[in-house]
Amino acid sequence: MTSSWRRRFVRSVWATHNDSPAVRAAVSEVLANAGPGARGLNVGAGDTRWGARFVHVDLARAPAVDVVADALALPFAGETFDVVLSQETVEHLVDPFAAAREMGRVLARGGWIYLQAPFIIGYHPGPEDYWRFTRAGMAQLLQRSGAAPVRVDRSVGAGTGFYRILVEFLAGGAARVVPALYLPVKGLASLLCYPLKWLDRLVGRGAQADRIAGGYFAIGRKPS
């Protein structure tokens, strides 16, 4: 399995958080509110680009990355950007709340911030993996950024949460017998169990919907 093929597989089958209907709608809402001329910052960009008006920052150099920097010390002046996005990144940071403050620092007054992080998901170092966030935890991140909360909601639901844990359980069990089986079984289980993600809509509502949600996003606006 080549590294490029593996990245495509992970993005399109295994880790689809960034492409869920809820996330697409929420990001579109933030970008529309910020306006067509808004200057943006993408923190923890990886291989995701949001267009020419965005500066894409990551700790590791990559083709899609404009600036290599630590999210805990962003190399930009205060109130530089009209919109700040960060997807599936803060869980990899030693101090996610300090990172939220940094994102708030570089956000212009009246600007929009979008934060997205996992809740029910397996350990995934990249380079390290420290934290998980409930709905209340995402609200705390927004508070630390200095932005007024607009909305906190599920990025992916319980179907996806169950899917991620089940696939890891099957792959980990196989690897306990034969270590080399971890990736092949994980790939096969990812494909076979994929329909579980479709249950997000079925079990994504109700009083218990936050019990095993796959993750959350939070939208805020910095007071003007």
# chains A, B, ... in the order shown; residues from 1 in each chain; ligands from 1
call {"tool": "closest_atom_pairs", "arguments": {"of": "region 38-150 of chain A", "to": "region 193-213 of chain A", "cutoff": "9 Å", "atoms": "only C-alpha atoms", "output": "JSON lines"}}
result
{"residue": "A:Pro118", "atom": "CA", "partner": "A:Ala213", "partner_atom": "CA", "distance": 8.5}
{"residue": "A:Phe119", "atom": "CA", "partner": "A:Ala213", "partner_atom": "CA", "distance": 6.5}
{"residue": "A:Ile120", "atom": "CA", "partner": "A:Ile212", "partner_atom": "CA", "distance": 5.8}
{"residue": "A:Thr134", "atom": "CA", "partner": "A:Asp210", "partner_atom": "CA", "distance": 7.9}
{"residue": "A:Arg135", "atom": "CA", "partner": "A:Asp210", "partner_atom": "CA", "distance": 7.6}
call {"tool": "select_by_dssp", "arguments": {"residues": "region 41-119 of chain A", "states": "helix (DSSP H, G or I)", "output": "mmCIF file with C-alpha atoms, in the first residue's frame"}}
result
data_model
loop_
_atom_site.group_PDB
_atom_site.id
_atom_site.type_symbol
_atom_site.label_atom_id
_atom_site.label_comp_id
_atom_site.auth_asym_id
_atom_site.auth_seq_id
_atom_site.Cartn_x
_atom_site.Cartn_y
_atom_site.Cartn_z
ATOM 1 C CA VAL A 90 -6.551 20.494 18.876
ATOM 2 C CA GLU A 91 -6.582 16.904 20.174
ATOM 3 C CA HIS A 92 -2.966 16.622 19.004
ATOM 4 C CA PRO A 96 -5.474 22.945 23.258
ATOM 5 C CA PHE A 97 -6.822 25.787 25.379
ATOM 6 C CA ALA A 98 -3.657 27.826 24.825
ATOM 7 C CA ALA A 99 -4.017 27.117 21.103
ATOM 8 C CA ALA A 100 -7.611 28.386 21.230
ATOM 9 C CA ARG A 101 -6.351 31.602 22.849
ATOM 10 C CA GLU A 102 -3.779 31.979 20.072
ATOM 11 C CA MET A 103 -6.440 31.527 17.412
ATOM 12 C CA GLY A 104 -8.567 34.123 19.171
ATOM 13 C CA ARG A 105 -5.612 36.491 19.355
ATOM 14 C CA VAL A 106 -5.057 36.518 15.577
#
call {"tool": "select_by_dssp", "arguments": {"residues": "region 51-175 of chain A", "states": "strand (DSSP E)", "output": "PyMOL selection string"}}
result
chain A and resi 54-58+67-68+81-87+107-118+148-156
call {"tool": "residues_around", "arguments": {"residues": "Val23 (chain A)", "least_positions_apart": "2", "cutoff": "10 Å", "atoms": "only C-alpha atoms", "output": "ChimeraX atom specification"}}
result
/A:17-21,25-29,87,116,153-156,216-217
call {"tool": "closest_residue", "arguments": {"among": "A:Ala15, A:Ala148, A:Leu93, A:Leu31", "to": "Arg132 (chain A)", "atoms": "only C-alpha atoms"}}
result
A:Leu93
call {"tool": "atom_distance", "arguments": {"atom1": "CA of Ala139 (chain A)", "atom2": "CA of Ala34 (chain A)"}}
result
20.5 Å
call {"tool": "closest_residue", "arguments": {"among": "A:Gly173, A:Gly157, A:Gly51, A:Gly122", "to": "Ala22 (chain A)", "atoms": "only C-alpha atoms"}}
result
A:Gly157
call {"tool": "residues_around", "arguments": {"residues": "Arg49 (chain A)", "least_positions_apart": "3", "cutoff": "10 Å", "atoms": "only C-alpha atoms", "output": "PyMOL selection string"}}
result
chain A and resi 42+45-46+52+54-57+63-66
call {"tool": "closest_residue", "arguments": {"among": "A:Trp131, A:Phe9, A:Tyr123, A:Tyr114", "to": "Val30 (chain A)", "atoms": "only C-alpha atoms"}}
result
A:Tyr114
call {"tool": "residues_around", "arguments": {"residues": "Leu192 (chain A)", "least_positions_apart": "6", "cutoff": "12 Å", "atoms": "only C-alpha atoms", "output": "list in words"}}
result
Val13, Trp14, Tyr163, Leu166, Val167, Leu170, Val185 and Lys186 of chain A
call {"tool": "write_last_selection", "arguments": {"atoms": "all heavy atoms", "output": "compact mmCIF listing (two decimals), in the first residue's frame"}}
result
# COMPACT_ATOMS: atom_id res chain seq x y z
N VAL A 13 -12.59 6.90 3.26
CA VAL A 13 -13.30 5.78 3.88
C VAL A 13 -13.21 5.82 5.40
O VAL A 13 -14.22 5.86 6.10
CB VAL A 13 -12.75 4.42 3.36
CG1 VAL A 13 -13.45 3.27 4.07
CG2 VAL A 13 -12.93 4.32 1.86
N TRP A 14 -12.01 5.84 5.94
CA TRP A 14 -11.82 5.69 7.39
C TRP A 14 -12.13 6.97 8.15
O TRP A 14 -12.98 6.99 9.03
CB TRP A 14 -10.39 5.22 7.64
CG TRP A 14 -9.94 5.22 9.07
CD1 TRP A 14 -8.90 5.93 9.60
CD2 TRP A 14 -10.50 4.49 10.16
NE1 TRP A 14 -8.77 5.68 10.95
CE2 TRP A 14 -9.74 4.80 11.32
CE3 TRP A 14 -11.58 3.61 10.28
CZ2 TRP A 14 -10.03 4.26 12.57
CZ3 TRP A 14 -11.86 3.07 11.53
CH2 TRP A 14 -11.09 3.38 12.66
N TYR A 163 -18.56 2.98 14.72
CA TYR A 163 -17.75 2.47 13.60
C TYR A 163 -16.27 2.54 13.92
O TYR A 163 -15.52 1.57 13.76
CB TYR A 163 -18.08 3.29 12.36
CG TYR A 163 -17.11 3.15 11.21
CD1 TYR A 163 -17.25 2.12 10.28
CD2 TYR A 163 -16.06 4.06 11.04
CE1 TYR A 163 -16.36 1.99 9.22
CE2 TYR A 163 -15.18 3.94 9.98
CZ TYR A 163 -15.34 2.91 9.08
OH TYR A 163 -14.45 2.78 8.02
N LEU A 166 -15.35 0.01 16.72
CA LEU A 166 -15.49 -1.37 16.27
C LEU A 166 -14.34 -1.77 15.34
O LEU A 166 -13.76 -2.86 15.49
CB LEU A 166 -16.83 -1.57 15.57
CG LEU A 166 -17.08 -2.97 14.98
CD1 LEU A 166 -17.05 -4.03 16.08
CD2 LEU A 166 -18.40 -3.01 14.22
N VAL A 167 -14.02 -0.91 14.38
CA VAL A 167 -12.93 -1.22 13.45
C VAL A 167 -11.61 -1.38 14.21
O VAL A 167 -10.84 -2.32 13.97
CB VAL A 167 -12.81 -0.14 12.37
CG1 VAL A 167 -11.53 -0.33 11.55
CG2 VAL A 167 -14.02 -0.19 11.45
N LEU A 170 -11.61 -4.75 16.07
CA LEU A 170 -11.36 -5.90 15.19
C LEU A 170 -9.90 -5.95 14.75
O LEU A 170 -9.27 -7.01 14.77
CB LEU A 170 -12.28 -5.81 13.98
CG LEU A 170 -13.78 -5.94 14.26
CD1 LEU A 170 -14.59 -5.68 13.00
CD2 LEU A 170 -14.10 -7.32 14.84
N VAL A 185 -6.46 -5.96 8.31
CA VAL A 185 -7.78 -6.14 8.91
C VAL A 185 -8.47 -4.79 9.11
O VAL A 185 -9.68 -4.67 8.89
CB VAL A 185 -7.66 -6.90 10.26
CG1 VAL A 185 -9.00 -6.91 10.99
CG2 VAL A 185 -7.20 -8.33 10.00
N LYS A 186 -7.71 -3.78 9.46
CA LYS A 186 -8.30 -2.46 9.64
C LYS A 186 -8.87 -1.94 8.32
O LYS A 186 -9.96 -1.37 8.27
CB LYS A 186 -7.25 -1.49 10.17
CG LYS A 186 -7.82 -0.12 10.53
CD LYS A 186 -6.77 0.74 11.22
CE LYS A 186 -7.33 2.09 11.65
NZ LYS A 186 -6.35 2.89 12.41
call {"tool": "atom_distance", "arguments": {"atom1": "CA of Ser145 (chain A)", "atom2": "CA of Ala32 (chain A)"}}
result
20.9 Å
call {"tool": "closest_residue", "arguments": {"among": "A:Arg7, A:Arg109, A:Asp82, A:Leu191", "to": "Asp47 (chain A)", "atoms": "only C-alpha atoms"}}
result
A:Arg7
call {"tool": "atom_distance", "arguments": {"atom1": "CA of Gln143 (chain A)", "atom2": "CA of Leu107 (chain A)"}}
result
13.7 Å
